[in-house]
Each structure stands twice: as structure tokens, then as C-alpha cells.
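What follows is the content of input-v2.txt (compact mmCIF, C-alpha atoms).
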```txt
# COMPACT_ATOMS: atom_id res chain seq x y z
CA MET Y 386 10.53 9.69 -11.13
CA LYS Y 387 6.92 10.83 -11.09
CA LEU Y 388 4.36 9.23 -8.79
CA TYR Y 389 0.66 9.74 -9.46
CA GLY Y 390 -1.47 9.03 -6.41
CA MET Y 391 -4.50 9.82 -4.31
CA GLN Y 392 -4.58 10.44 -0.56
CA GLN Y 393 -4.19 7.24 1.50
CA SER Y 394 -4.98 4.78 -1.27
CA ARG Y 395 -2.45 2.10 -2.25
CA SER Y 396 -0.40 4.90 -3.78
CA PHE Y 397 0.45 6.08 -0.25
CA ARG Y 398 2.67 3.05 0.32
CA CYS Y 399 4.69 4.07 -2.75
CA LEU Y 400 4.91 7.69 -1.63
CA TRP Y 401 6.10 6.55 1.79
CA ALA Y 402 8.75 4.34 0.20
CA LEU Y 403 9.99 7.22 -1.94
CA GLU Y 404 10.35 9.38 1.16
CA GLU Y 405 12.18 6.56 2.92
CA SER Y 406 14.46 5.94 -0.06
CA GLY Y 407 15.85 9.44 -0.48
CA LEU Y 408 15.27 9.32 -4.24
CA GLU Y 409 14.22 12.49 -6.04
CA TYR Y 410 10.64 12.43 -7.32
CA ASP Y 411 7.59 14.51 -8.14
CA TYR Y 412 4.22 13.67 -6.59
CA ILE Y 413 1.15 14.37 -8.72
CA PRO Y 414 -2.27 14.10 -7.01
CA ILE Y 415 -5.02 12.41 -9.02
CA LYS Y 416 -8.77 12.51 -8.36
CA LEU Y 417 -11.04 9.52 -8.80
CA ARG Y 418 -14.74 9.64 -9.69
CA VAL Y 419 -14.63 13.16 -11.15
CA SER Y 420 -15.28 14.39 -14.68
CA GLU Y 421 -12.81 13.35 -17.35
CA GLU Y 422 -12.63 17.00 -18.38
CA GLU Y 423 -10.76 17.91 -15.18
CA PRO Y 424 -7.00 17.83 -15.86
CA ASP Y 425 -6.27 15.87 -12.65
CA SER Y 426 -9.03 13.32 -13.19
CA ALA Y 427 -8.14 9.65 -13.37
CA GLN Y 428 -10.45 9.49 -16.38
CA ASN Y 429 -8.74 12.31 -18.24
CA PRO Y 430 -7.33 11.00 -21.56
CA ALA Y 431 -3.85 12.19 -20.63
CA TYR Y 432 -3.85 10.05 -17.50
CA LEU Y 433 -5.51 7.09 -19.20
CA SER Y 434 -2.66 7.13 -21.71
CA ILE Y 435 -0.29 6.04 -18.92
CA ASN Y 436 -2.75 3.99 -16.82
CA VAL Y 437 -5.53 2.49 -18.90
CA GLN Y 438 -7.43 1.40 -15.77
CA GLY Y 439 -7.78 4.97 -14.53
CA LYS Y 440 -6.48 3.97 -11.10
CA VAL Y 441 -3.59 4.85 -8.81
CA PRO Y 442 -0.71 4.46 -8.29
CA THR Y 443 1.25 5.08 -11.45
CA LEU Y 444 5.02 5.53 -11.43
CA VAL Y 445 6.81 7.00 -14.44
CA ASP Y 446 10.58 6.59 -14.47
CA GLY Y 447 11.98 7.75 -17.78
CA GLU Y 448 10.25 5.69 -20.45
CA MET Y 449 9.13 3.01 -17.97
CA ILE Y 450 5.61 3.04 -16.54
CA LEU Y 451 4.52 0.87 -13.58
CA THR Y 452 0.93 0.66 -12.33
CA GLU Y 453 1.06 -2.03 -9.60
CA SER Y 454 2.00 -0.83 -6.13
CA VAL Y 455 4.30 -3.72 -5.20
CA ALA Y 456 6.15 -3.53 -8.52
CA ILE Y 457 6.64 0.18 -7.77
CA LEU Y 458 7.85 -0.59 -4.25
CA ASN Y 459 10.34 -3.14 -5.55
CA HIS Y 460 11.62 -0.70 -8.17
CA ILE Y 461 12.11 1.96 -5.52
CA GLY Y 462 13.94 -0.52 -3.29
CA ARG Y 463 16.24 -1.64 -6.09
CA SER Y 464 16.86 1.96 -7.15
CA ALA Y 465 17.98 2.86 -3.62
CA PRO Y 466 19.72 -0.29 -2.29
CA GLU Y 467 21.35 1.68 0.52
CA SER Y 468 17.88 2.36 1.99
CA GLY Y 469 17.46 -1.29 2.99
CA LEU Y 470 13.86 -1.32 1.80
CA LEU Y 471 14.68 -4.60 0.04
CA PRO Y 472 16.97 -7.17 1.73
CA LEU Y 473 19.19 -7.68 -1.31
CA ASP Y 474 22.22 -9.21 0.42
CA ASN Y 475 20.70 -12.39 1.89
CA ILE Y 476 18.73 -14.85 -0.21
CA ARG Y 477 16.94 -16.43 2.78
CA ILE Y 478 15.86 -13.12 4.26
CA GLN Y 479 14.78 -12.05 0.77
CA ALA Y 480 12.61 -15.18 0.53
CA LYS Y 481 10.95 -14.41 3.87
CA HIS Y 482 10.40 -10.84 2.73
CA ASP Y 483 8.73 -12.07 -0.46
CA GLU Y 484 6.53 -14.46 1.52
CA LEU Y 485 5.24 -11.67 3.76
CA VAL Y 486 4.64 -9.31 0.84
CA SER Y 487 2.63 -12.02 -0.87
CA PHE Y 488 0.67 -12.73 2.30
CA VAL Y 489 -0.26 -9.09 2.83
CA LEU Y 490 -1.55 -8.78 -0.73
CA ALA Y 491 -3.30 -12.13 -1.02
CA GLU Y 492 -4.72 -12.58 2.48
CA LEU Y 493 -4.54 -9.53 4.77
CA GLU Y 494 -5.50 -6.82 2.29
CA GLN Y 495 -8.18 -8.61 0.30
CA PRO Y 496 -10.98 -8.55 2.92
CA LEU Y 497 -10.47 -4.79 3.24
CA TRP Y 498 -10.81 -4.23 -0.48
CA SER Y 499 -13.83 -6.56 -0.52
CA LYS Y 500 -15.53 -4.28 1.98
CA GLY Y 501 -14.53 -1.23 -0.05
CA LYS Y 502 -15.91 -2.68 -3.26
CA HIS Y 503 -19.22 -3.70 -1.69
CA THR Y 504 -19.76 -0.42 0.18
CA PHE Y 505 -18.72 2.27 -2.31
CA ALA Y 506 -16.53 1.19 -5.23
CA LEU Y 507 -18.89 -1.07 -7.18
CA PRO Y 508 -22.14 0.10 -8.76
CA GLU Y 509 -24.94 -0.29 -6.20
CA GLU Y 510 -26.62 -3.07 -8.13
CA GLN Y 511 -23.40 -5.13 -7.95
CA ARG Y 512 -22.88 -4.79 -4.19
CA ILE Y 513 -23.59 -7.73 -1.86
CA PRO Y 514 -24.09 -6.46 1.71
CA ALA Y 515 -24.06 -9.99 3.14
CA MET Y 516 -20.42 -10.45 2.16
CA LEU Y 517 -19.29 -7.81 4.65
CA GLU Y 518 -19.50 -10.38 7.46
CA THR Y 519 -17.44 -12.75 5.33
CA ALA Y 520 -14.80 -10.01 4.97
CA LYS Y 521 -14.60 -9.67 8.77
CA PHE Y 522 -14.18 -13.44 9.08
CA GLU Y 523 -11.44 -13.54 6.43
CA PHE Y 524 -9.58 -10.61 7.98
CA ALA Y 525 -9.63 -12.18 11.45
CA LYS Y 526 -8.30 -15.43 9.97
CA ALA Y 527 -5.50 -13.58 8.17
CA VAL Y 528 -4.53 -11.69 11.33
CA HIS Y 529 -4.34 -14.97 13.26
CA THR Y 530 -2.02 -16.41 10.61
CA LEU Y 531 0.15 -13.29 10.58
CA GLU Y 532 0.73 -13.64 14.33
CA HIS Y 533 2.52 -16.91 13.53
CA LEU Y 534 4.45 -15.55 10.55
CA ILE Y 535 6.21 -12.66 12.28
CA ASN Y 536 7.88 -12.41 15.66
CA GLU Y 537 7.55 -9.76 18.33
CA ASN Y 538 10.45 -7.67 17.04
CA GLU Y 539 10.06 -4.05 15.96
CA PHE Y 540 10.48 -4.91 12.28
CA ALA Y 541 9.02 -7.79 10.30
CA VAL Y 542 12.23 -8.92 8.58
CA ALA Y 543 15.88 -8.99 9.69
CA GLU Y 544 15.71 -6.28 12.34
CA LYS Y 545 15.46 -3.51 9.74
CA PHE Y 546 12.64 -1.40 8.34
CA SER Y 547 11.60 -2.69 4.93
CA ILE Y 548 8.83 -2.70 2.34
CA VAL Y 549 7.02 -5.33 4.44
CA ASP Y 550 6.74 -2.85 7.32
CA ILE Y 551 5.27 -0.22 5.01
CA LEU Y 552 2.72 -2.71 3.71
CA LEU Y 553 1.76 -3.95 7.17
CA ALA Y 554 1.44 -0.48 8.66
CA GLN Y 555 -0.61 0.88 5.77
CA THR Y 556 -2.84 -2.20 5.63
CA PHE Y 557 -3.62 -2.03 9.33
CA ASN Y 558 -4.25 1.70 9.01
CA TRP Y 559 -6.70 0.84 6.23
CA ALA Y 560 -8.33 -1.78 8.49
CA MET Y 561 -8.74 0.73 11.30
CA ARG Y 562 -10.30 3.28 8.95
CA PHE Y 563 -12.72 0.59 7.71
CA GLU Y 564 -13.61 -0.31 11.32
CA PHE Y 565 -12.24 -3.84 11.36
CA ASP Y 566 -11.15 -5.36 14.66
CA VAL Y 567 -7.38 -4.89 14.87
CA PRO Y 568 -5.46 -6.42 17.81
CA LYS Y 569 -3.53 -3.97 19.96
CA ARG Y 570 -0.24 -5.48 18.80
CA PHE Y 571 -0.94 -4.37 15.27
CA VAL Y 572 -2.44 -1.03 16.27
CA ASP Y 573 0.88 -0.37 18.02
CA LEU Y 574 2.77 -1.53 14.91
CA ARG Y 575 0.81 0.93 12.80
CA ASP Y 576 1.34 3.76 15.30
CA ASN Y 577 5.08 3.17 15.64
CA HIS Y 578 5.78 3.02 11.92
CA TYR Y 579 3.59 6.02 11.15
CA LYS Y 580 5.82 8.05 13.49
CA ARG Y 581 8.78 7.59 11.16
CA PRO Y 582 9.83 10.93 9.61
CA SER Y 583 9.33 9.45 6.12
CA ALA Y 584 5.71 8.53 6.92
CA GLU Y 585 5.02 11.92 8.45
CA ARG Y 586 6.39 13.68 5.36
CA ALA Y 587 4.29 11.50 3.08
CA LEU Y 588 1.16 12.17 5.15
CA LYS Y 589 1.70 15.91 4.83
CA LEU Y 590 1.76 15.57 1.06
CA VAL Y 591 -1.62 13.86 0.95
CA SER Y 592 -3.41 15.80 3.70
```
Take the structure in this file and express it as C-alpha cells.
Amino acid sequence: MKLYGMQQSRSFRCLWALEESGLEYDYIPIKLRVSEEEPDSAQNPAYLSINVQGKVPTLVDGEMILTESVAILNHIGRSAPESGLLPLDNIRIQAKHDELVSFVLAELEQPLWSKGKHTFALPEEQRIPAMLETAKFEFAKAVHTLEHLINENEFAVAEKFSIVDILLAQTFNWAMRFEFDVPKRFVDLRDNHYKRPSAERALKLVS
């Protein structure tokens, strides 16, 4: 497997999962917003040939190419079932896992990306500063909902570290970096999961 990524973007969750899985892989750093002539640019024709959007992550596994982070996470989990990243042996736990993954992507993460788009990612003429307050409101609402979706246990699903925990920890890390209000419970969640050896190894690769 080859994972193309950039620092602590969404590709980091895939890198973390690879470290957790024990699978063999190569990590290839990619730079965004640099000249297409640079070989490691996301706009270089060689990279665009495997990811037409010029974004990260991209996972290449043989002839298969995946460019969505959760699809990559699921592929890693299925490729290393012994890792427990996906709860494959219980259909009800699997359903809860899928619900939380969907919630993180659709509700918890979106206000963060909205802030990112309207502060640096979009062209200046397309940015709407007033929506930043809306993003704070939406994030607070999502956090309140999450408090009712997960219990007080160490892990989100079935007493075992899983893809959901990677997504939650990285999303709250993202929120802290973007200066959103994060309750102490979820700051602690982020801190505890980022102390895992797999997370520490992944952080070294992107530092």
C-alpha cells in the first residue's frame, strides 16, 4: 500500500490507522498550494493522474485507488481484521460503529471544514466571514448530540479502540487547532488517544 498525505489533514487519520493495523505501507508526503512543477505537488500531473481533485488522502493498493478517507479507513480495517479497527463480528456493534462514523463526517466535522474554507481554502472573494459564527453554533450543537450518542467509556464502541476513536480524536484535535470550544471530556479523549504508540509514530512521520 502507498498512502499520499499531508501533515495533519484528513490523511492523518489514514496514516494513524495504518500504524494501528500493522500493515506494511509507504507514506508519501504531498504539498498543497505549490507549483505543479514540483514533483511532490498535489497539482503535479503525476499526482493528478491518481487523484483528479489534487487533494489528500490517496491510497494506492495494487491497481486499486481510493481517495476518500473513510473508504480508506474501512479498507485498512478489512485488510487487517485482527486489529479490531472494524467490529466485523457483531452486526449490531457494526451498525453503531457506522452510525458514529456517519455522525462525525456529517455533523461534527463539517463546521470545522466550513471555517477552514471561509478563512483560507476558498478564494477570498468567495469567503463569507459572517458564517464563522454559524460554524461555532453548529459545532456546539453537534458536540451536545455526541454526548448522548456515546457513553463515558474509554472507547466509543464495544470497549475496543476502533476507527471511530481515530475519527473522534482527530476531529477534536482539528477543533482545538481551529480554536473551537471543546469540552474537557473531549479534550481528554483527544489527549488519551493521541498517546497511543500508533498515533505517536504517525505524528513523527508528519512532523
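Separating atom CA of Y:Leu553 from atom CA of Y:Arg463 is a distance of 19.8 Å.
Using only C-alpha atoms, the smallest distance between any of Y:His482, Y:Lys521, Y:Lys569, Y:Arg477 and Y:Ser499 comes from Y:Lys521.
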Near Y:Gly390, within 6 Å and counting only C-alpha atoms, which residues show up once chain neighbours fewer than 3 positions away are dropped, as a VMD selection string? chain Y and resid 396 414 to 415 441 to 442
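Relative to atom CA of Y:Ala427, atom CA of Y:Lys440 is found at 6.3 Å.
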Excluding Y:Met516 and any residue of its chain fewer than 3 positions from it, enumerate the residues within 10 Å of it, using only C-alpha atoms, and give them as a ChimeraX atom specification. /Y:496,499-500,503,512-513,519-522
Closest of Y:Val486, Y:Leu444, Y:Leu497, Y:Leu417 to Y:Tyr389, counting only C-alpha atoms, is Y:Leu444
Distance criterion (only C-alpha atoms): nearest to Y:Ala587 out of Y:Glu423, Y:Ile551, Y:Leu531, Y:Asn536: Y:Ile551
